[in-house]
>>> print(open('work32.csv').read())   # CSV, C-alpha atoms
chain,number,residue,atom,x,y,z
A,794,MET,CA,-27.5,26.1,-26.9
A,795,LYS,CA,-27.4,22.3,-27.1
A,796,ALA,CA,-24.8,19.8,-26.1
A,797,LYS,CA,-24.5,16.2,-27.2
A,798,VAL,CA,-22.8,13.6,-25.1
A,799,PHE,CA,-21.7,10.2,-26.5
A,800,VAL,CA,-20.8,7.5,-24.0
A,801,THR,CA,-19.1,4.4,-25.2
A,802,LEU,CA,-17.5,1.4,-23.5
A,803,LYS,CA,-13.7,1.5,-23.4
A,804,PRO,CA,-12.2,-0.5,-26.3
A,805,SER,CA,-10.7,-2.9,-23.7
A,806,VAL,CA,-14.2,-3.7,-22.3
A,807,LEU,CA,-16.2,-6.5,-23.9
A,808,ASP,CA,-19.7,-5.5,-25.1
A,809,PRO,CA,-22.0,-8.6,-25.1
A,810,GLN,CA,-25.0,-6.5,-26.1
A,811,GLY,CA,-23.1,-5.2,-29.2
A,812,LYS,CA,-22.1,-8.8,-30.0
A,813,ALA,CA,-25.8,-9.9,-29.8
A,814,ILE,CA,-26.8,-7.1,-32.1
A,815,HIS,CA,-24.0,-7.9,-34.5
A,816,HIS,CA,-25.3,-11.5,-34.7
A,817,SER,CA,-28.9,-10.3,-35.5
A,818,VAL,CA,-27.5,-7.9,-38.1
A,819,ALA,CA,-25.4,-10.7,-39.7
A,820,SER,CA,-28.5,-12.9,-39.8
A,821,LEU,CA,-30.1,-10.3,-42.1
A,822,GLY,CA,-27.4,-11.0,-44.6
A,823,PHE,CA,-25.1,-8.0,-43.7
A,824,ASP,CA,-22.0,-10.2,-43.6
A,825,GLN,CA,-19.6,-7.3,-44.3
A,826,ILE,CA,-19.8,-5.9,-40.8
A,827,GLY,CA,-16.7,-6.4,-38.6
A,828,ASP,CA,-18.1,-5.3,-35.2
A,829,ILE,CA,-20.9,-3.4,-33.5
A,830,ARG,CA,-20.6,-1.7,-30.2
A,831,GLN,CA,-23.5,-0.2,-28.3
A,832,GLY,CA,-23.3,3.2,-26.5
A,833,LYS,CA,-25.5,5.9,-25.1
A,834,TYR,CA,-26.4,9.3,-26.5
A,835,PHE,CA,-27.6,12.3,-24.5
A,836,GLU,CA,-29.0,15.7,-25.7
A,837,ILE,CA,-28.6,18.5,-23.1
A,838,ALA,CA,-30.4,21.8,-23.6
A,839,LEU,CA,-28.5,24.7,-22.1
A,840,ASP,CA,-29.3,28.3,-21.2
A,841,PRO,CA,-28.7,30.3,-24.4
A,842,ALA,CA,-27.1,33.1,-22.3
A,843,ILE,CA,-24.0,31.1,-21.4
A,844,SER,CA,-20.9,31.0,-23.5
A,845,GLU,CA,-19.9,28.0,-25.6
A,846,ALA,CA,-16.7,27.7,-23.5
A,847,ASP,CA,-18.7,27.6,-20.2
A,848,ALA,CA,-21.2,25.2,-21.7
A,849,ARG,CA,-18.3,22.9,-22.6
A,850,VAL,CA,-16.8,23.0,-19.1
A,851,SER,CA,-20.2,22.2,-17.5
A,852,VAL,CA,-21.1,19.4,-19.9
A,853,GLU,CA,-17.7,17.8,-19.6
A,854,ARG,CA,-18.2,17.6,-15.9
A,855,ILE,CA,-21.7,16.2,-16.2
A,856,ALA,CA,-20.4,13.6,-18.6
A,857,LYS,CA,-17.5,12.6,-16.3
A,858,ASP,CA,-19.4,12.7,-13.0
A,859,VAL,CA,-22.8,11.3,-14.0
A,860,LEU,CA,-23.3,10.1,-17.6
A,861,ALA,CA,-20.2,7.9,-17.9
A,862,ASN,CA,-18.6,5.5,-15.5
A,863,PRO,CA,-14.9,6.2,-16.1
A,864,VAL,CA,-14.0,2.7,-14.9
A,865,ILE,CA,-15.6,1.2,-18.0
A,866,GLU,CA,-16.7,4.0,-20.3
A,867,ASP,CA,-15.3,6.9,-22.4
A,868,TYR,CA,-17.3,10.0,-23.4
A,869,ARG,CA,-17.2,12.6,-26.1
A,870,VAL,CA,-18.9,16.0,-25.9
A,871,GLU,CA,-20.1,18.2,-28.7
A,872,VAL,CA,-21.5,21.7,-28.1
A,873,GLU,CA,-23.7,23.5,-30.7
A,874,ALA,CA,-24.3,27.2,-30.5
B,332,MET,CA,-25.4,-2.3,18.5
B,333,LYS,CA,-27.7,-1.3,15.7
B,334,PHE,CA,-28.1,-2.2,12.0
B,335,GLY,CA,-29.6,0.1,9.4
B,336,VAL,CA,-31.0,-1.0,6.1
B,337,VAL,CA,-31.1,1.7,3.5
B,338,VAL,CA,-34.2,2.1,1.4
B,339,PHE,CA,-34.0,3.7,-2.1
B,340,PRO,CA,-36.9,4.0,-4.4
B,341,GLY,CA,-36.7,0.6,-6.1
B,342,SER,CA,-35.0,-1.3,-3.3
B,343,ASN,CA,-36.7,-4.7,-3.0
B,344,CYS,CA,-34.4,-6.8,-0.7
B,345,ASP,CA,-34.7,-4.3,2.2
B,346,HIS,CA,-37.3,-6.3,4.0
B,347,ASP,CA,-35.4,-9.6,3.5
B,348,ALA,CA,-32.3,-8.0,5.1
B,349,TYR,CA,-34.4,-6.5,7.9
B,350,HIS,CA,-36.1,-9.9,8.5
B,351,VAL,CA,-32.8,-11.7,8.8
B,352,ILE,CA,-31.2,-9.2,11.2
B,353,SER,CA,-34.2,-9.0,13.5
B,354,LYS,CA,-35.3,-12.7,13.4
B,355,HIS,CA,-32.1,-14.7,12.8
B,356,VAL,CA,-29.3,-12.4,13.9
B,357,GLY,CA,-31.5,-11.1,16.7
B,358,GLN,CA,-30.2,-7.5,16.7
B,359,PRO,CA,-32.0,-4.1,16.6
B,360,VAL,CA,-32.5,-2.8,13.1
B,361,ASP,CA,-34.2,0.2,11.4
B,362,PHE,CA,-34.9,1.2,7.9
B,363,ILE,CA,-33.1,4.3,6.6
B,364,TRP,CA,-34.9,6.3,3.9
B,365,HIS,CA,-32.5,7.5,1.2
B,366,GLN,CA,-33.3,11.1,2.0
B,367,GLN,CA,-32.0,10.7,5.6
B,368,THR,CA,-28.6,12.2,6.3
B,369,ASP,CA,-28.2,11.5,10.0
B,370,LEU,CA,-26.7,8.0,10.7
B,371,SER,CA,-25.9,8.5,14.4
B,372,GLY,CA,-26.9,5.5,16.4
B,373,PHE,CA,-26.1,3.0,13.7
B,374,ASP,CA,-23.0,0.7,13.8
B,375,ALA,CA,-23.5,-1.1,10.5
B,376,ILE,CA,-25.4,-0.1,7.3
B,377,ILE,CA,-26.7,-2.6,4.8
B,378,VAL,CA,-27.2,-1.3,1.2
B,379,PRO,CA,-29.7,-3.9,0.0
B,380,GLY,CA,-30.5,-5.4,-3.4
B,381,GLY,CA,-33.1,-4.3,-5.8
B,382,PHE,CA,-33.4,-1.9,-8.7
B,383,SER,CA,-32.7,1.6,-7.2
B,384,TYR,CA,-34.0,4.3,-9.5
B,385,GLY,CA,-35.1,1.5,-11.9
B,386,ASP,CA,-31.4,0.9,-12.8
B,387,TYR,CA,-31.7,4.0,-15.0
B,388,LEU,CA,-28.5,5.1,-16.7
B,389,ARG,CA,-26.5,2.3,-15.1
B,390,ALA,CA,-27.2,0.0,-12.1
B,391,GLY,CA,-26.5,2.0,-9.0
B,392,ALA,CA,-25.6,5.2,-10.9
B,393,LEU,CA,-28.4,7.4,-9.7
B,394,ALA,CA,-28.6,6.0,-6.1
B,395,ARG,CA,-25.1,7.4,-5.6
B,396,PHE,CA,-26.5,10.9,-5.6
B,397,SER,CA,-29.1,10.2,-2.9
B,398,PRO,CA,-28.5,12.4,0.2
B,399,VAL,CA,-27.9,9.2,2.4
B,400,MET,CA,-24.8,8.3,0.3
B,401,LYS,CA,-22.8,11.3,1.5
B,402,ALA,CA,-23.6,10.2,5.1
B,403,ILE,CA,-22.6,6.6,4.2
B,404,LYS,CA,-19.3,7.8,2.9
B,405,GLU,CA,-18.6,9.6,6.1
B,406,PHE,CA,-19.8,6.6,8.1
B,407,ALA,CA,-17.4,4.3,6.2
B,408,ALA,CA,-14.5,6.8,6.6
B,409,GLU,CA,-15.1,6.5,10.4
B,410,GLY,CA,-14.4,2.8,10.1
B,411,LYS,CA,-18.0,1.7,10.6
B,412,PHE,CA,-19.3,-1.2,8.6
B,413,VAL,CA,-21.1,-0.9,5.3
B,414,PHE,CA,-22.3,-4.0,3.5
B,415,GLY,CA,-23.6,-3.8,-0.1
B,416,ILE,CA,-25.6,-6.7,-1.5
B,417,CYS,CA,-26.2,-7.1,-5.2
B,418,ASN,CA,-27.6,-3.6,-6.2
B,419,GLY,CA,-26.0,-2.4,-3.0
B,420,PHE,CA,-22.6,-3.6,-4.3
B,421,GLN,CA,-23.3,-1.8,-7.6
B,422,ILE,CA,-24.1,1.4,-5.7
B,423,LEU,CA,-20.9,1.1,-3.6
B,424,CYS,CA,-18.8,0.7,-6.7
B,425,GLU,CA,-20.6,3.7,-8.4
B,426,ALA,CA,-20.0,5.8,-5.3
B,427,GLY,CA,-16.3,4.9,-5.2
B,428,LEU,CA,-16.5,3.2,-1.9
B,429,LEU,CA,-15.3,0.0,-3.6
B,430,PRO,CA,-13.1,-0.2,-6.7
B,431,GLY,CA,-14.2,-1.5,-10.2
B,432,ALA,CA,-17.6,-1.7,-11.8
B,433,LEU,CA,-20.4,-4.3,-12.4
B,434,MET,CA,-21.3,-4.7,-16.0
B,435,ARG,CA,-24.0,-6.6,-17.9
B,436,ASN,CA,-23.6,-10.4,-17.5
B,437,ALA,CA,-21.5,-11.9,-20.2
B,438,GLY,CA,-24.4,-14.1,-21.3
B,439,LEU,CA,-26.8,-11.2,-21.2
B,440,HIS,CA,-29.3,-13.2,-19.1
B,441,PHE,CA,-30.8,-12.3,-15.8
B,442,ILE,CA,-29.6,-15.2,-13.6
B,443,CYS,CA,-31.5,-16.3,-10.5
B,444,ARG,CA,-30.1,-19.5,-8.9
B,445,HIS,CA,-27.8,-20.8,-6.1
B,446,VAL,CA,-24.1,-20.6,-6.8
B,447,ASN,CA,-21.1,-22.0,-5.0
B,448,LEU,CA,-18.9,-19.6,-3.3
B,449,LYS,CA,-15.3,-20.0,-2.0
B,450,LEU,CA,-14.2,-17.9,0.9
B,451,GLU,CA,-10.9,-16.2,-0.1
B,452,ASN,CA,-10.4,-14.1,3.0
B,453,GLY,CA,-11.6,-15.1,6.4
B,454,ASP,CA,-9.8,-12.3,8.0
B,455,THR,CA,-12.4,-9.5,7.5
B,456,PRO,CA,-15.2,-8.4,9.9
B,457,PHE,CA,-17.7,-10.0,7.6
B,458,THR,CA,-16.1,-13.5,7.4
B,459,THR,CA,-14.5,-14.5,10.7
B,460,GLU,CA,-17.3,-16.9,11.4
B,461,VAL,CA,-17.4,-18.5,8.0
B,462,ASP,CA,-15.8,-21.9,7.9
B,463,PRO,CA,-12.9,-21.6,5.4
B,464,ASN,CA,-13.2,-25.2,4.5
B,465,ARG,CA,-16.8,-25.0,3.5
B,466,ILE,CA,-18.1,-24.1,0.1
B,467,LEU,CA,-21.1,-21.7,0.6
B,468,SER,CA,-24.4,-22.1,-1.4
B,469,ILE,CA,-25.9,-18.7,-1.8
B,470,PRO,CA,-28.3,-17.4,-4.5
B,471,ILE,CA,-27.5,-14.8,-7.1
B,472,ALA,CA,-30.3,-12.8,-8.8
B,473,HIS,CA,-28.8,-10.2,-11.2
B,474,ALA,CA,-28.3,-9.1,-14.8
B,475,GLU,CA,-25.3,-6.8,-14.1
B,476,GLY,CA,-22.9,-8.8,-11.9
B,477,ASN,CA,-20.0,-9.0,-14.3
B,478,TYR,CA,-17.3,-7.5,-12.1
B,479,THR,CA,-14.6,-5.7,-14.0
B,480,CYS,CA,-11.6,-3.5,-13.1
B,481,ASP,CA,-8.3,-2.6,-14.7
B,482,ASP,CA,-5.1,-4.6,-14.2
B,483,GLU,CA,-3.6,-2.3,-11.6
B,484,THR,CA,-6.8,-2.4,-9.5
B,485,PHE,CA,-7.0,-6.2,-9.9
B,486,HIS,CA,-3.4,-6.7,-8.7
B,487,SER,CA,-3.9,-4.5,-5.7
B,488,LEU,CA,-7.1,-6.4,-4.8
B,489,GLU,CA,-5.2,-9.6,-4.9
B,490,GLU,CA,-2.2,-8.3,-3.0
B,491,ASN,CA,-4.3,-6.8,-0.3
B,492,GLY,CA,-6.6,-9.7,0.3
B,493,GLN,CA,-9.6,-7.7,-0.9
B,494,ILE,CA,-11.1,-10.5,-3.0
B,495,VAL,CA,-13.4,-12.0,-0.4
B,496,PHE,CA,-15.6,-14.4,-2.4
B,497,ARG,CA,-15.1,-16.2,-5.7
B,498,TYR,CA,-17.6,-18.3,-7.7
B,499,CYS,CA,-16.4,-21.9,-7.7
B,500,GLU,CA,-17.3,-25.5,-8.4
B,501,PRO,CA,-19.0,-27.6,-5.6
B,502,ASP,CA,-15.5,-28.9,-4.7
B,503,GLY,CA,-14.0,-25.4,-4.5
B,504,GLN,CA,-12.2,-25.3,-7.8
B,505,ILE,CA,-12.2,-21.9,-9.5
B,506,THR,CA,-13.2,-22.6,-13.1
B,507,SER,CA,-14.7,-20.5,-15.9
B,508,GLU,CA,-17.7,-23.0,-16.0
B,509,ALA,CA,-18.4,-22.0,-12.4
B,510,ASN,CA,-18.4,-18.3,-13.3
B,511,PRO,CA,-22.1,-17.3,-13.9
B,512,ASN,CA,-21.6,-13.8,-15.2
B,513,GLY,CA,-18.1,-13.4,-16.7
B,514,ALA,CA,-16.8,-11.6,-13.6
B,515,ARG,CA,-13.0,-11.0,-13.7
B,516,SER,CA,-11.2,-13.9,-12.0
B,517,ASN,CA,-14.6,-15.3,-10.8
B,518,ILE,CA,-14.9,-12.4,-8.3
B,519,ALA,CA,-18.2,-12.5,-6.4
B,520,GLY,CA,-17.4,-10.1,-3.6
B,521,ILE,CA,-14.7,-7.6,-2.6
B,522,CYS,CA,-13.9,-5.4,0.4
B,523,ASN,CA,-12.1,-2.0,0.6
B,524,LEU,CA,-8.5,-1.7,1.8
B,525,ASP,CA,-9.6,-1.1,5.4
B,526,ARG,CA,-12.0,-4.1,5.2
B,527,ASN,CA,-14.9,-2.3,6.8
B,528,VAL,CA,-16.8,-2.1,3.5
B,529,LEU,CA,-17.9,-5.3,1.7
B,530,GLY,CA,-19.8,-5.7,-1.5
B,531,MET,CA,-21.0,-9.0,-3.0
B,532,MET,CA,-23.4,-10.0,-5.8
B,533,PRO,CA,-24.8,-13.1,-4.1
B,534,HIS,CA,-27.6,-12.6,-1.6
B,535,PRO,CA,-26.7,-14.0,1.9
B,536,GLU,CA,-29.9,-12.6,3.3
B,537,ARG,CA,-31.8,-15.1,1.1
B,538,ALA,CA,-29.8,-18.0,2.5
B,539,CYS,CA,-30.5,-17.8,6.2
B,540,GLU,CA,-33.1,-20.5,6.7
B,541,GLU,CA,-33.2,-24.2,5.8
B,542,MET,CA,-36.6,-23.8,4.3
B,543,LEU,CA,-35.1,-21.6,1.6
B,544,GLY,CA,-32.5,-24.2,0.7
B,545,SER,CA,-29.5,-22.9,2.6
B,546,ASN,CA,-28.5,-21.1,5.7
B,547,ASP,CA,-24.9,-20.4,4.7
B,548,GLY,CA,-25.6,-16.7,4.7
B,549,ARG,CA,-26.0,-16.6,8.4
B,550,ASP,CA,-22.3,-16.9,9.1
B,551,ILE,CA,-21.7,-13.6,7.3
B,552,PHE,CA,-24.2,-11.7,9.4
B,553,ARG,CA,-22.9,-13.5,12.5
B,554,SER,CA,-19.4,-12.4,11.7
B,555,LEU,CA,-20.5,-8.8,11.3
B,556,THR,CA,-22.4,-8.9,14.6
B,557,LYS,CA,-19.3,-10.3,16.4
B,558,ALA,CA,-17.2,-7.5,14.9
B,559,MET,CA,-19.7,-4.9,16.1
B,560,ALA,CA,-19.7,-6.5,19.6
B,561,ARG,CA,-15.9,-6.4,19.7
B,562,ILE,CA,-15.9,-2.7,18.9
B,563,GLU,CA,-18.6,-2.0,21.5
B,564,ALA,CA,-16.7,-3.9,24.2
B,565,ALA,CA,-13.6,-1.9,23.4
B,566,ALA,CA,-15.3,1.4,23.6
>>> encode(input="work32.csv", output="structure tokens")
Amino acid sequence: MKAKVFVTLKPSVLDPQGKAIHHSVASLGFDQIGDIRQGKYFEIALDPAISEADARVSVERIAKDVLANPVIEDYRVEVEA
Amino acid sequence: MKFGVVVFPGSNCDHDAYHVISKHVGQPVDFIWHQQTDLSGFDAIIVPGGFSYGDYLRAGALARFSPVMKAIKEFAAEGKFVFGICNGFQILCEAGLLPGALMRNAGLHFICRHVNLKLENGDTPFTTEVDPNRILSIPIAHAEGNYTCDDETFHSLEENGQIVFRYCEPDGQITSEANPNGARSNIAGICNLDRNVLGMMPHPERACEEMLGSNDGRDIFRSLTKAMARIEAAA
């Protein structure tokens, strides 16, 4: 079983790195892009014996307590059987 | 009266803090390895600057899980003094000992230079000996010093006098030009509600000798020492 966690800055938080990337992308001629925001992506391999529901509970906690800082970041969890 | 300086893998201002306390403050001090969980005998803990755990994940995010941090939380809950400098400030925020978070500098650069600091609250154990009419010159050295928090937290920081230092102009004016990293409301340092935990991005331990360009940092360590002495005398 595998879980994916996506950590992104809250919409209200400025992302200077995303802005710098946007500038570089625009300099290549991609002028139709409105905004770029940078985030983090985690792949977590889980014991195949555990249920999908249990896996989700565990990974949600890992995301909330470790992978994301809830002051500035949001997270989204995907669990694949 | 004894100071402790925590050492995480990747701490690099631990010896500076140790040097200042032993040589300039003239007090007993010991290093505390991050695996240590017994803080008995210590009266103030310094969480020093550096790059604990290589700043992996987020600055300070992994240091929060070191065994010593649980002990530091209990230590702080007993009202004893905890002082986080730079990476130490980041760690205290990640650990929930101080509110808010420190993000990447608005200009994305690592900034290493002296800044001007305005004392906003002289009524904390860390600042009683700081002359409120003097603008302090203390260096910063960080890439993630952009203090951020939500509106509710910000208003409670203001109302409770928890904003201790702000970046300012040489004449003390708080301007966006004087803000090196984009920190909300030019915040350079904050304390907790009980005022026994302070975190700041500038490095007072690097500003304790004339030879280094400033000794303005000494007054912060002197304040802390006096506060410790008051508690010892009362005990």
>>> closest_residue(input="work32.csv", among="B:Asn436, B:Arg537, B:Ile377, B:Ala392", to="Ala861 in chain A", atoms="all atoms listed in the file")
B:Ala392
>>> closest_atom_pairs(input="work32.csv", of="chain A", to="chain B", cutoff="10 Å", atoms="all atoms listed in the file", output="JSON lines")
{"residue": "A:Ser805", "atom": "CA", "partner": "B:Asp481", "partner_atom": "CA", "distance": 9.3}
{"residue": "A:Val806", "atom": "CA", "partner": "B:Thr479", "partner_atom": "CA", "distance": 8.5}
{"residue": "A:Leu807", "atom": "CA", "partner": "B:Ala437", "partner_atom": "CA", "distance": 8.4}
{"residue": "A:Asp808", "atom": "CA", "partner": "B:Ala437", "partner_atom": "CA", "distance": 8.3}
{"residue": "A:Pro809", "atom": "CA", "partner": "B:Ala437", "partner_atom": "CA", "distance": 5.9}
{"residue": "A:Gln810", "atom": "CA", "partner": "B:Leu439", "partner_atom": "CA", "distance": 7.0}
{"residue": "A:Ala813", "atom": "CA", "partner": "B:Leu439", "partner_atom": "CA", "distance": 8.8}
{"residue": "A:Lys833", "atom": "CA", "partner": "B:Leu388", "partner_atom": "CA", "distance": 9.0}
{"residue": "A:Asp858", "atom": "CA", "partner": "B:Ala392", "partner_atom": "CA", "distance": 10.0}
{"residue": "A:Val859", "atom": "CA", "partner": "B:Ala392", "partner_atom": "CA", "distance": 7.4}
{"residue": "A:Leu860", "atom": "CA", "partner": "B:Leu388", "partner_atom": "CA", "distance": 7.3}
{"residue": "A:Ala861", "atom": "CA", "partner": "B:Leu388", "partner_atom": "CA", "distance": 8.8}
{"residue": "A:Asn862", "atom": "CA", "partner": "B:Glu425", "partner_atom": "CA", "distance": 7.6}
{"residue": "A:Pro863", "atom": "CA", "partner": "B:Ala432", "partner_atom": "CA", "distance": 9.4}
{"residue": "A:Val864", "atom": "CA", "partner": "B:Gly431", "partner_atom": "CA", "distance": 6.3}
{"residue": "A:Ile865", "atom": "CA", "partner": "B:Ala432", "partner_atom": "CA", "distance": 7.1}
>>> closest_residue(input="work32.csv", among="A:Lys812, A:Ala874, A:Phe799, A:Pro804", to="Glu853 in chain A", atoms="all atoms listed in the file")
A:Phe799
>>> atom_distance(input="work32.csv", atom1="CA of Glu836 in chain A", atom2="CA of Ser383 in chain B")
23.6 Å
>>> closest_residue(input="work32.csv", among="A:Val870, A:Ala846, A:Val852, A:Ile826", to="Thr801 in chain A", atoms="only C-alpha atoms")
A:Val870
>>> atom_distance(input="work32.csv", atom1="CA of Arg515 in chain B", atom2="CA of His534 in chain B")
19.0 Å
>>> atom_distance(input="work32.csv", atom1="CA of Pro359 in chain B", atom2="CA of Ser554 in chain B")
15.9 Å
>>> residues_near_point(input="work32.csv", point="(-20.6, -14.9, 9.8)", cutoff="8 Å", atoms="all atoms listed in the file", output="VMD selection string")
chain B and resid 457 to 461 548 to 556
>>> write_last_selection(input="work32.csv", atoms="C-alpha atoms", output="PDB file, in the coordinates of the input")
ATOM      1  CA  PHE B 457     -17.700 -10.000   7.600  1.00  0.00           C
ATOM      2  CA  THR B 458     -16.100 -13.500   7.400  1.00  0.00           C
ATOM      3  CA  THR B 459     -14.500 -14.500  10.700  1.00  0.00           C
ATOM      4  CA  GLU B 460     -17.300 -16.900  11.400  1.00  0.00           C
ATOM      5  CA  VAL B 461     -17.400 -18.500   8.000  1.00  0.00           C
ATOM      6  CA  GLY B 548     -25.600 -16.700   4.700  1.00  0.00           C
ATOM      7  CA  ARG B 549     -26.000 -16.600   8.400  1.00  0.00           C
ATOM      8  CA  ASP B 550     -22.300 -16.900   9.100  1.00  0.00           C
ATOM      9  CA  ILE B 551     -21.700 -13.600   7.300  1.00  0.00           C
ATOM     10  CA  PHE B 552     -24.200 -11.700   9.400  1.00  0.00           C
ATOM     11  CA  ARG B 553     -22.900 -13.500  12.500  1.00  0.00           C
ATOM     12  CA  SER B 554     -19.400 -12.400  11.700  1.00  0.00           C
ATOM     13  CA  LEU B 555     -20.500  -8.800  11.300  1.00  0.00           C
ATOM     14  CA  THR B 556     -22.400  -8.900  14.600  1.00  0.00           C
TER      15      THR B 556
END
>>> closest_residue(input="work32.csv", among="B:Leu429, B:Ile466, B:Met532, B:Val338", to="Ile442 in chain B", atoms="all atoms listed in the file")
B:Met532
>>> closest_residue(input="work32.csv", among="A:Ser851, A:Leu802, A:Ala842, A:Tyr868", to="Ile829 in chain A", atoms="all atoms listed in the file")
A:Leu802
>>> residues_around(input="work32.csv", residues="Gln358 in chain B", least_positions_apart="3", cutoff="9 Å", atoms="all atoms listed in the file", output="ChimeraX atom specification")
/B:332-334,352-355,556
>>> residues_around(input="work32.csv", residues="Phe339 in chain B", least_positions_apart="3", cutoff="7 Å", atoms="only C-alpha atoms", output="MDAnalysis selection string")
chainID B and resid 342 364:365 383
>>> closest_residue(input="work32.csv", among="A:Leu839, A:Ile814, A:Ala856, A:Val798", to="Glu871 in chain A", atoms="all atoms listed in the file")
A:Val798
>>> residues_around(input="work32.csv", residues="Ser844 in chain A", least_positions_apart="6", cutoff="12 Å", atoms="only C-alpha atoms", output="list in words")
Met794, Lys795, Val850, Ser851, Val872, Glu873 and Ala874 of chain A
>>> residues_around(input="work32.csv", residues="Arg444 in chain B", least_positions_apart="2", cutoff="8 Å", atoms="only C-alpha atoms", output="list in words")
Ile442, Val446, Pro470, Ile471 and Ala472 of chain B
>>> residues_around(input="work32.csv", residues="Asp361 in chain B", least_positions_apart="6", cutoff="9 Å", atoms="all atoms listed in the file", output="ChimeraX atom specification")
/B:333-337,349,373
>>> build_atoms(input="work32.csv", residues="range 367-385 of chain B", atoms="N, CA and C atoms", output="PDB file, keeping the file's coordinate frame")
ATOM      1  N   GLN B 367     -32.500  10.454   4.227  1.00  0.00           N
ATOM      2  CA  GLN B 367     -32.000  10.700   5.600  1.00  0.00           C
ATOM      3  C   GLN B 367     -30.458  10.971   5.496  1.00  0.00           C
ATOM      4  N   THR B 368     -29.988  11.902   6.341  1.00  0.00           N
ATOM      5  CA  THR B 368     -28.600  12.200   6.300  1.00  0.00           C
ATOM      6  C   THR B 368     -27.897  12.019   7.673  1.00  0.00           C
ATOM      7  N   ASP B 369     -28.711  11.659   8.675  1.00  0.00           N
ATOM      8  CA  ASP B 369     -28.200  11.500  10.000  1.00  0.00           C
ATOM      9  C   ASP B 369     -28.094   9.953  10.305  1.00  0.00           C
ATOM     10  N   LEU B 370     -26.874   9.422  10.424  1.00  0.00           N
ATOM     11  CA  LEU B 370     -26.700   8.000  10.700  1.00  0.00           C
ATOM     12  C   LEU B 370     -26.234   7.725  12.104  1.00  0.00           C
ATOM     13  N   SER B 371     -26.387   8.726  12.979  1.00  0.00           N
ATOM     14  CA  SER B 371     -25.900   8.500  14.400  1.00  0.00           C
ATOM     15  C   SER B 371     -26.803   7.433  14.999  1.00  0.00           C
ATOM     16  N   GLY B 372     -26.167   6.608  15.797  1.00  0.00           N
ATOM     17  CA  GLY B 372     -26.900   5.500  16.400  1.00  0.00           C
ATOM     18  C   GLY B 372     -26.747   4.194  15.708  1.00  0.00           C
ATOM     19  N   PHE B 373     -26.275   4.252  14.465  1.00  0.00           N
ATOM     20  CA  PHE B 373     -26.100   3.000  13.700  1.00  0.00           C
ATOM     21  C   PHE B 373     -24.615   2.573  13.750  1.00  0.00           C
ATOM     22  N   ASP B 374     -24.410   1.257  13.742  1.00  0.00           N
ATOM     23  CA  ASP B 374     -23.000   0.700  13.800  1.00  0.00           C
ATOM     24  C   ASP B 374     -22.720  -0.048  12.481  1.00  0.00           C
ATOM     25  N   ALA B 375     -23.739  -0.455  11.753  1.00  0.00           N
ATOM     26  CA  ALA B 375     -23.500  -1.100  10.500  1.00  0.00           C
ATOM     27  C   ALA B 375     -24.684  -0.761   9.546  1.00  0.00           C
ATOM     28  N   ILE B 376     -24.352  -0.484   8.289  1.00  0.00           N
ATOM     29  CA  ILE B 376     -25.400  -0.100   7.300  1.00  0.00           C
ATOM     30  C   ILE B 376     -25.392  -1.175   6.209  1.00  0.00           C
ATOM     31  N   ILE B 377     -26.581  -1.658   5.910  1.00  0.00           N
ATOM     32  CA  ILE B 377     -26.700  -2.600   4.800  1.00  0.00           C
ATOM     33  C   ILE B 377     -27.338  -1.817   3.612  1.00  0.00           C
ATOM     34  N   VAL B 378     -26.662  -1.874   2.475  1.00  0.00           N
ATOM     35  CA  VAL B 378     -27.200  -1.300   1.200  1.00  0.00           C
ATOM     36  C   VAL B 378     -27.780  -2.489   0.478  1.00  0.00           C
ATOM     37  N   PRO B 379     -29.110  -2.613   0.441  1.00  0.00           N
ATOM     38  CA  PRO B 379     -29.700  -3.900   0.000  1.00  0.00           C
ATOM     39  C   PRO B 379     -29.831  -3.974  -1.525  1.00  0.00           C
ATOM     40  N   GLY B 380     -30.290  -5.141  -1.942  1.00  0.00           N
ATOM     41  CA  GLY B 380     -30.500  -5.400  -3.400  1.00  0.00           C
ATOM     42  C   GLY B 380     -31.780  -4.779  -3.873  1.00  0.00           C
ATOM     43  N   GLY B 381     -31.949  -4.843  -5.176  1.00  0.00           N
ATOM     44  CA  GLY B 381     -33.100  -4.300  -5.800  1.00  0.00           C
ATOM     45  C   GLY B 381     -32.783  -3.585  -7.099  1.00  0.00           C
ATOM     46  N   PHE B 382     -33.611  -2.613  -7.433  1.00  0.00           N
ATOM     47  CA  PHE B 382     -33.400  -1.900  -8.700  1.00  0.00           C
ATOM     48  C   PHE B 382     -33.551  -0.375  -8.346  1.00  0.00           C
ATOM     49  N   SER B 383     -32.607   0.155  -7.546  1.00  0.00           N
ATOM     50  CA  SER B 383     -32.700   1.600  -7.200  1.00  0.00           C
ATOM     51  C   SER B 383     -32.825   2.428  -8.402  1.00  0.00           C
ATOM     52  N   TYR B 384     -33.774   3.359  -8.363  1.00  0.00           N
ATOM     53  CA  TYR B 384     -34.000   4.300  -9.500  1.00  0.00           C
ATOM     54  C   TYR B 384     -34.200   3.482 -10.806  1.00  0.00           C
ATOM     55  N   GLY B 385     -34.774   2.286 -10.695  1.00  0.00           N
ATOM     56  CA  GLY B 385     -35.100   1.500 -11.900  1.00  0.00           C
ATOM     57  C   GLY B 385     -33.856   1.129 -12.711  1.00  0.00           C
TER      58      GLY B 385
END
